[in-house]
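Visitor: Have a look at this one.
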Amino acid sequence: MFTRPAALAAASLLLTALPALAEGLSGRNAVAGMNPDGSRYEGTVEMVENANTISMTWQVAGSNYAGAGTVEGKLITVRWGDPTPVYYVITPSGELHGTWAGGTALEKLTPLP
């Protein structure tokens, strides 16, 4: 049985989490990845989600890349000019873990405050 203080504490936690849930995927992320040749890179990614579509702009090592794709549940597919798209999985923590270049490259996006 819930007591009134326990119910208030649970409601407070839920209300604290709601803004993060409402924001969805849109926002700025840190990106860290590994190219197909094994070299590593870092930068930022700006994401804009609109219903089940997403646009992304990467800034990595002084270069800009752009892509657009779809959001299907926890899977994001982004075409960005390479013959194969980037595939991301949305993790419970809000990070996106992805692969590109036919699975030979890896990428992790971490939401920035």
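In the structure tokens, chains take letters A, B, ... by order of appearance, with residues numbered from 1 within each chain and ligands from 1 in the order shown.
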Do a neighbour search on Pro83 in chain A at 10 Å with only C-alpha atoms, toss out local chain neighbours closer than 3 positions, and write the hits as an mmCIF file with C-alpha atoms, in the first residue's frame.
Guide:
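Wrote it out as out12.cif, contents follow:
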```
data_model
loop_
_atom_site.group_PDB
_atom_site.id
_atom_site.type_symbol
_atom_site.label_atom_id
_atom_site.label_comp_id
_atom_site.auth_asym_id
_atom_site.auth_seq_id
_atom_site.Cartn_x
_atom_site.Cartn_y
_atom_site.Cartn_z
ATOM 1 C CA ARG A 79 20.990 7.957 -45.303
ATOM 2 C CA TRP A 80 23.877 10.415 -45.458
ATOM 3 C CA VAL A 86 23.862 4.486 -40.553
ATOM 4 C CA TRP A 100 27.791 2.323 -40.780
ATOM 5 C CA ALA A 101 29.937 1.415 -43.810
ATOM 6 C CA GLY A 102 28.230 -1.959 -44.035
#
```
Visitor: In range 29-99 of chain A, what's strand (DSSP E) per DSSP? Answer as a PyMOL selection string?
Guide: chain A and resi 29-34+40-50+53-60+63-72+75-79+86-90+96-99
Visitor: Would you save the residues of that selection, restricted to C-alpha atoms, as a PDB file, in the first residue's frame?
Guide:
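So the final result, stored in part_20.pdb, reads:
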```pdb
ATOM      1  CA  ASN A  29      24.835  15.096 -29.096  1.00  0.00           C
ATOM      2  CA  ALA A  30      28.488  14.279 -28.628  1.00  0.00           C
ATOM      3  CA  VAL A  31      29.659  11.755 -31.207  1.00  0.00           C
ATOM      4  CA  ALA A  32      32.539   9.305 -30.868  1.00  0.00           C
ATOM      5  CA  GLY A  33      33.256   6.695 -33.470  1.00  0.00           C
ATOM      6  CA  MET A  34      35.607   4.412 -35.303  1.00  0.00           C
ATOM      7  CA  ARG A  40      38.834   7.205 -34.256  1.00  0.00           C
ATOM      8  CA  TYR A  41      36.881  10.460 -34.483  1.00  0.00           C
ATOM      9  CA  GLU A  42      34.888  12.809 -32.244  1.00  0.00           C
ATOM     10  CA  GLY A  43      32.554  15.724 -32.798  1.00  0.00           C
ATOM     11  CA  THR A  44      28.931  16.760 -32.423  1.00  0.00           C
ATOM     12  CA  VAL A  45      25.639  15.867 -34.059  1.00  0.00           C
ATOM     13  CA  GLU A  46      22.523  18.031 -34.193  1.00  0.00           C
ATOM     14  CA  MET A  47      19.326  16.000 -34.523  1.00  0.00           C
ATOM     15  CA  VAL A  48      15.818  17.186 -35.399  1.00  0.00           C
ATOM     16  CA  GLU A  49      13.001  14.674 -35.009  1.00  0.00           C
ATOM     17  CA  ASN A  50       9.612  15.203 -36.663  1.00  0.00           C
ATOM     18  CA  THR A  53      11.513  11.136 -39.493  1.00  0.00           C
ATOM     19  CA  ILE A  54      14.837  12.576 -38.398  1.00  0.00           C
ATOM     20  CA  SER A  55      17.459  14.878 -39.872  1.00  0.00           C
ATOM     21  CA  MET A  56      21.031  14.890 -38.613  1.00  0.00           C
ATOM     22  CA  THR A  57      24.030  17.174 -39.112  1.00  0.00           C
ATOM     23  CA  TRP A  58      27.436  15.908 -38.012  1.00  0.00           C
ATOM     24  CA  GLN A  59      30.444  18.169 -37.335  1.00  0.00           C
ATOM     25  CA  VAL A  60      33.541  15.984 -37.224  1.00  0.00           C
ATOM     26  CA  SER A  63      33.922  18.665 -41.822  1.00  0.00           C
ATOM     27  CA  ASN A  64      30.121  18.736 -41.946  1.00  0.00           C
ATOM     28  CA  TYR A  65      27.911  15.848 -43.009  1.00  0.00           C
ATOM     29  CA  ALA A  66      24.123  15.750 -43.292  1.00  0.00           C
ATOM     30  CA  GLY A  67      21.578  12.985 -43.516  1.00  0.00           C
ATOM     31  CA  ALA A  68      17.915  12.154 -43.057  1.00  0.00           C
ATOM     32  CA  GLY A  69      16.043   9.033 -42.207  1.00  0.00           C
ATOM     33  CA  THR A  70      13.349   7.240 -40.271  1.00  0.00           C
ATOM     34  CA  VAL A  71      12.636   6.351 -36.669  1.00  0.00           C
ATOM     35  CA  GLU A  72      10.929   2.984 -36.183  1.00  0.00           C
ATOM     36  CA  LEU A  75      15.764   1.712 -34.620  1.00  0.00           C
ATOM     37  CA  ILE A  76      16.915   4.762 -36.587  1.00  0.00           C
ATOM     38  CA  THR A  77      18.053   4.471 -40.212  1.00  0.00           C
ATOM     39  CA  VAL A  78      19.848   7.499 -41.701  1.00  0.00           C
ATOM     40  CA  ARG A  79      20.990   7.957 -45.303  1.00  0.00           C
ATOM     41  CA  VAL A  86      23.862   4.486 -40.553  1.00  0.00           C
ATOM     42  CA  TYR A  87      21.788   2.220 -38.304  1.00  0.00           C
ATOM     43  CA  TYR A  88      21.318   3.319 -34.692  1.00  0.00           C
ATOM     44  CA  VAL A  89      19.672   1.600 -31.747  1.00  0.00           C
ATOM     45  CA  ILE A  90      18.207   3.875 -29.063  1.00  0.00           C
ATOM     46  CA  LEU A  96      22.387   5.973 -29.735  1.00  0.00           C
ATOM     47  CA  HIS A  97      24.704   3.131 -30.698  1.00  0.00           C
ATOM     48  CA  GLY A  98      25.235   2.787 -34.413  1.00  0.00           C
ATOM     49  CA  THR A  99      27.077   1.154 -37.246  1.00  0.00           C
TER      50      THR A  99
END
```
Visitor: Could you jot down the CA of Thr84 in chain A to CA of Ala105 in chain A separation for me, Å, one decimal place?
Guide: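 Distance between the two atoms: 11.2 Å.
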